[in-house]
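Chemist: Mind looking over this structure? Questions follow.
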Amino acid sequence: SLREEGERAVAERLARREAFAARATEVSDLAWEAMRARLARYKEDWGNADAPLGPDVDGDLGRWCKVQRQLRDAGRLAMARVDALDLLCFSWVAPSDVDDPTRADWAGMLARLAAYRDEHGDCDVKKKYQRDPALGGWVAAVRRCRSELGAARVAELDQIGFVWQSSRSCGSAWMSSFRELRAFHAVHGHSDVGAVLGDGHELARWSEAMRAAQAKEALSPKRMAHLREVGW
């Protein structure tokens with residue numbers, strides 16, 4: 001009958017849909033496991049499972065790590081996957097995202113920095129230092145938060161030769177504009193770009209945009225720390 005034919009058609013569509021979903025899940029699981037295996041190999045090479053973002057490293061793996069952290073924060077990462085990453089000692093907060101360097105083991109990080117200096121001849125640790133990403137993130141946070149560290153901590157860092165301004169330049173558009181503002185501040189002693197170069201100057205417009213973002217509390221703690229360096 002027509003009714004029976006209709007019911008069969010519906011059942012077939014449901015079966016096809018379930019089969020497609022099962023295949024999609026299988027493909028997703030295989031792809032995830034392939035990336036986990038890449039991360040395990042990364043750990044064998046570098047001693048940690050914190051692959052960074054960046055063009056000079058395995059950017060795909062770094063982006064995948066970032067997505068896993070975001071999924072876990074949103075409660076959307078299966079516990080089996082969380083457990084699998086925990087077995088690799090995966091950091092659920094990216095080392096380069098450290099905001100307050102004083103919350104780390106201060107003496108321990110100083111010792112690690114001194115060991116880096118003894119090996120490399122300086123304390124200019126890059127932010128995404130693959131051999132010790134926690135050290136790279138800590139050094140970057142220390143640079144951003146110098147005004148909040150206190151005289152004693154600054155003196156400890158100076159004593160071992162801390163490099164307060166990295167010789168490496170971040171290539172992001174935001175950091176490029178900030179470096180221009182820092183250079184302006186070094187010359188003029190303030191950050192009122194419009195008063196010197198005119199409100200229509202590109203750097204003045206950028207500064208005003210940052211002040212508007214600050215008023216809306218739309219700037220990240222990292223960016224606010226950078227801006228405080230130049231008197232904000």
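We name chains A, B, ... following the order of the structure tokens; residues begin at 1 in each chain, and ligands are numbered from 1 as shown.
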Which residues are close to Trp64 in chain A, i.e. within 10 Å by only C-alpha atoms, leaving aside same-chain residues fewer than 2 positions away? Reply as JSON, numbers by chain.
Modeler: {"A": [32, 35, 36, 39, 51, 52, 53, 59, 60, 61, 62, 66, 67, 68, 69, 70]}
Chemist: With DSSP run on the backbone, what are the alpha helix (DSSP H) residues within chain A? I'd like them as number ranges by chain.
Modeler: A: 2-46, 59-73, 79-86, 106-120, 133-144, 146-149, 151-159, 173-188, 193-197, 202-215, 221-228
Chemist: Those same residues - C-alpha atoms - I'd like them written as a short mmCIF file (atom, residue, chain, number, x, y, z; two decimals), in the first residue's frame.
Modeler:
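Wrote part_28.cif, looks like this:
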```cif
data_model
loop_
_atom_site.label_atom_id
_atom_site.label_comp_id
_atom_site.auth_asym_id
_atom_site.auth_seq_id
_atom_site.Cartn_x
_atom_site.Cartn_y
_atom_site.Cartn_z
CA LEU A 2 0.98 3.63 -0.35
CA ARG A 3 1.24 3.92 3.44
CA GLU A 4 3.60 0.97 3.67
CA GLU A 5 5.74 2.32 0.83
CA GLY A 6 5.91 5.68 2.58
CA GLU A 7 6.98 4.08 5.86
CA ARG A 8 9.68 2.05 4.05
CA ALA A 9 10.97 5.20 2.37
CA VAL A 10 11.16 7.02 5.69
CA ALA A 11 12.94 4.06 7.30
CA GLU A 12 15.45 3.92 4.44
CA ARG A 13 16.15 7.65 4.71
CA LEU A 14 16.70 7.33 8.46
CA ALA A 15 19.02 4.36 7.94
CA ARG A 16 21.05 6.27 5.34
CA ARG A 17 21.23 9.29 7.66
CA GLU A 18 22.42 7.16 10.58
CA ALA A 19 25.00 5.42 8.39
CA PHE A 20 26.29 8.79 7.16
CA ALA A 21 26.51 10.09 10.73
CA ALA A 22 28.40 6.97 11.79
CA ARG A 23 30.86 7.35 8.92
CA ALA A 24 31.33 11.05 9.68
CA THR A 25 32.02 10.24 13.34
CA GLU A 26 34.52 7.58 12.32
CA VAL A 27 36.32 9.99 9.99
CA SER A 28 36.34 12.66 12.73
CA ASP A 29 37.76 10.20 15.26
CA LEU A 30 40.47 9.10 12.84
CA ALA A 31 41.42 12.71 12.06
CA TRP A 32 41.55 13.60 15.76
CA GLU A 33 43.69 10.57 16.56
CA ALA A 34 46.05 11.45 13.71
CA MET A 35 46.58 14.92 15.23
CA ARG A 36 47.03 13.46 18.71
CA ALA A 37 49.70 11.16 17.28
CA ARG A 38 51.43 14.18 15.69
CA LEU A 39 51.38 15.90 19.06
CA ALA A 40 52.90 12.80 20.68
CA ARG A 41 55.72 12.89 18.13
CA TYR A 42 56.16 16.61 18.82
CA LYS A 43 56.56 15.80 22.51
CA GLU A 44 59.21 13.20 21.70
CA ASP A 45 61.12 15.83 19.75
CA TRP A 46 60.74 18.80 22.14
CA GLY A 59 51.31 25.82 12.53
CA ASP A 60 48.58 23.24 11.85
CA LEU A 61 49.44 21.43 15.05
CA GLY A 62 49.56 24.68 17.03
CA ARG A 63 46.13 25.69 15.72
CA TRP A 64 44.77 22.24 16.57
CA CYS A 65 46.07 22.61 20.13
CA LYS A 66 44.37 25.99 20.41
CA VAL A 67 41.06 24.50 19.25
CA GLN A 68 41.30 21.67 21.83
CA ARG A 69 41.73 24.25 24.60
CA GLN A 70 38.75 26.24 23.32
CA LEU A 71 36.57 23.11 23.08
CA ARG A 72 37.46 22.05 26.61
CA ASP A 73 36.74 25.54 27.96
CA MET A 79 36.38 13.26 28.34
CA ALA A 80 38.15 10.48 26.45
CA ARG A 81 39.95 13.12 24.42
CA VAL A 82 40.72 15.20 27.51
CA ASP A 83 42.21 12.10 29.14
CA ALA A 84 44.26 11.29 26.04
CA LEU A 85 45.76 14.80 26.03
CA ASP A 86 46.33 14.70 29.79
CA TRP A 106 59.36 32.92 40.70
CA ALA A 107 62.62 31.43 42.00
CA GLY A 108 62.20 28.40 39.76
CA MET A 109 61.64 30.50 36.67
CA LEU A 110 64.65 32.68 37.50
CA ALA A 111 66.76 29.54 37.74
CA ARG A 112 65.48 28.32 34.37
CA LEU A 113 66.24 31.73 32.86
CA ALA A 114 69.75 31.67 34.30
CA ALA A 115 70.28 28.19 32.83
CA TYR A 116 69.11 29.52 29.44
CA ARG A 117 71.58 32.42 29.74
CA ASP A 118 74.43 30.05 30.61
CA GLU A 119 73.66 27.98 27.50
CA HIS A 120 72.88 30.77 25.02
CA PRO A 133 57.40 27.07 26.27
CA ALA A 134 56.62 27.92 29.90
CA LEU A 135 59.85 29.92 30.12
CA GLY A 136 59.13 31.73 26.85
CA GLY A 137 55.63 32.68 27.98
CA TRP A 138 56.90 33.77 31.41
CA VAL A 139 59.60 36.01 29.93
CA ALA A 140 57.06 37.65 27.60
CA ALA A 141 54.70 38.25 30.54
CA VAL A 142 57.53 39.72 32.65
CA ARG A 143 58.27 42.23 29.87
CA ARG A 144 54.64 43.27 29.69
CA ARG A 146 57.50 45.34 34.44
CA SER A 147 55.72 48.26 36.12
CA GLU A 148 53.79 45.84 38.34
CA LEU A 149 56.69 43.62 39.44
CA ALA A 151 61.73 46.98 42.62
CA ALA A 152 62.99 43.76 44.24
CA ARG A 153 61.90 41.52 41.38
CA VAL A 154 63.18 43.95 38.75
CA ALA A 155 66.54 44.00 40.53
CA GLU A 156 66.67 40.18 40.55
CA LEU A 157 66.02 40.14 36.82
CA ASP A 158 68.55 42.85 36.08
CA GLN A 159 71.15 40.96 38.10
CA ALA A 173 49.43 44.55 12.83
CA TRP A 174 48.60 45.45 16.44
CA MET A 175 52.17 45.01 17.62
CA SER A 176 53.51 46.95 14.63
CA SER A 177 51.32 49.92 15.61
CA PHE A 178 52.25 49.56 19.26
CA ARG A 179 55.96 49.65 18.41
CA GLU A 180 55.35 52.92 16.56
CA LEU A 181 53.59 54.28 19.65
CA ARG A 182 56.44 53.13 21.89
CA ALA A 183 58.96 54.88 19.65
CA PHE A 184 56.81 58.05 19.75
CA HIS A 185 56.68 57.85 23.55
CA ALA A 186 60.45 57.42 23.76
CA VAL A 187 60.97 60.63 21.77
CA HIS A 188 58.21 62.84 23.23
CA VAL A 193 50.03 61.43 19.22
CA GLY A 194 47.31 63.75 17.94
CA ALA A 195 48.79 66.74 19.78
CA VAL A 196 52.06 66.33 17.88
CA LEU A 197 51.22 64.70 14.56
CA GLU A 202 47.37 57.02 11.14
CA LEU A 203 49.04 56.42 14.50
CA ALA A 204 46.79 59.03 16.17
CA ARG A 205 43.70 57.31 14.76
CA TRP A 206 44.99 53.95 15.98
CA SER A 207 45.61 55.41 19.46
CA GLU A 208 42.09 56.81 19.62
CA ALA A 209 40.69 53.46 18.54
CA MET A 210 42.62 51.80 21.37
CA ARG A 211 41.30 54.33 23.89
CA ALA A 212 37.76 53.66 22.69
CA ALA A 213 38.35 49.92 23.04
CA GLN A 214 39.79 50.48 26.52
CA ALA A 215 36.69 52.44 27.54
CA PRO A 221 45.08 42.07 29.64
CA LYS A 222 48.14 41.51 27.43
CA ARG A 223 47.43 44.55 25.29
CA MET A 224 46.63 46.70 28.30
CA ALA A 225 49.95 45.68 29.85
CA HIS A 226 51.75 46.77 26.69
CA LEU A 227 49.93 50.11 26.65
CA ARG A 228 50.72 50.77 30.29
#
```
Chemist: Enter the distance from CA of Pro101 in chain A to CA of Asp122 in chain A, in Å, rounded to one decimal.
Modeler: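 These two atoms are separated by 19.7 Å.
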Chemist: Report the distance between CA of Ser220 in chain A and CA of Gly150 in chain A in Å, rounded to one decimal place.
Modeler: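 Here the two named atoms are 22.2 Å from each other.
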Chemist: Work out how far CA of Ser91 in chain A is from CA of Asn48 in chain A, in Å to one decimal.
Modeler: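 So the answer is 9.0 Å.
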Chemist: For each of A:Leu77, A:Lys127, A:Ala49, A:Ala104, take the minimum atom-to-atom distance to Phe90 in chain A, counting only C-alpha atoms, then give the residue where this is smallest.
Modeler: A:Ala49
Chemist: At a cut-off of 9 Å, using only C-alpha atoms, what residues contact Ser166 in chain A? Leave out same-chain residues fewer than 3 positions from it and give the result as a ChimeraX atom specification.
Modeler: /A:124-126,140,143,163,169
Chemist: Take the residues from that selection and put them in a file with C-alpha atoms, as an mmCIF file, in the first residue's frame.
Modeler:
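Listing of result.cif after writing:
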```
data_model
loop_
_atom_site.group_PDB
_atom_site.id
_atom_site.type_symbol
_atom_site.label_atom_id
_atom_site.label_comp_id
_atom_site.auth_asym_id
_atom_site.auth_seq_id
_atom_site.Cartn_x
_atom_site.Cartn_y
_atom_site.Cartn_z
ATOM 1 C CA ASP A 124 66.554 36.965 25.217
ATOM 2 C CA VAL A 125 64.154 34.009 25.271
ATOM 3 C CA LYS A 126 61.664 34.071 22.426
ATOM 4 C CA ALA A 140 57.059 37.652 27.600
ATOM 5 C CA ARG A 143 58.275 42.226 29.873
ATOM 6 C CA VAL A 163 66.480 41.588 28.316
ATOM 7 C CA SER A 169 59.559 41.583 16.557
#
```
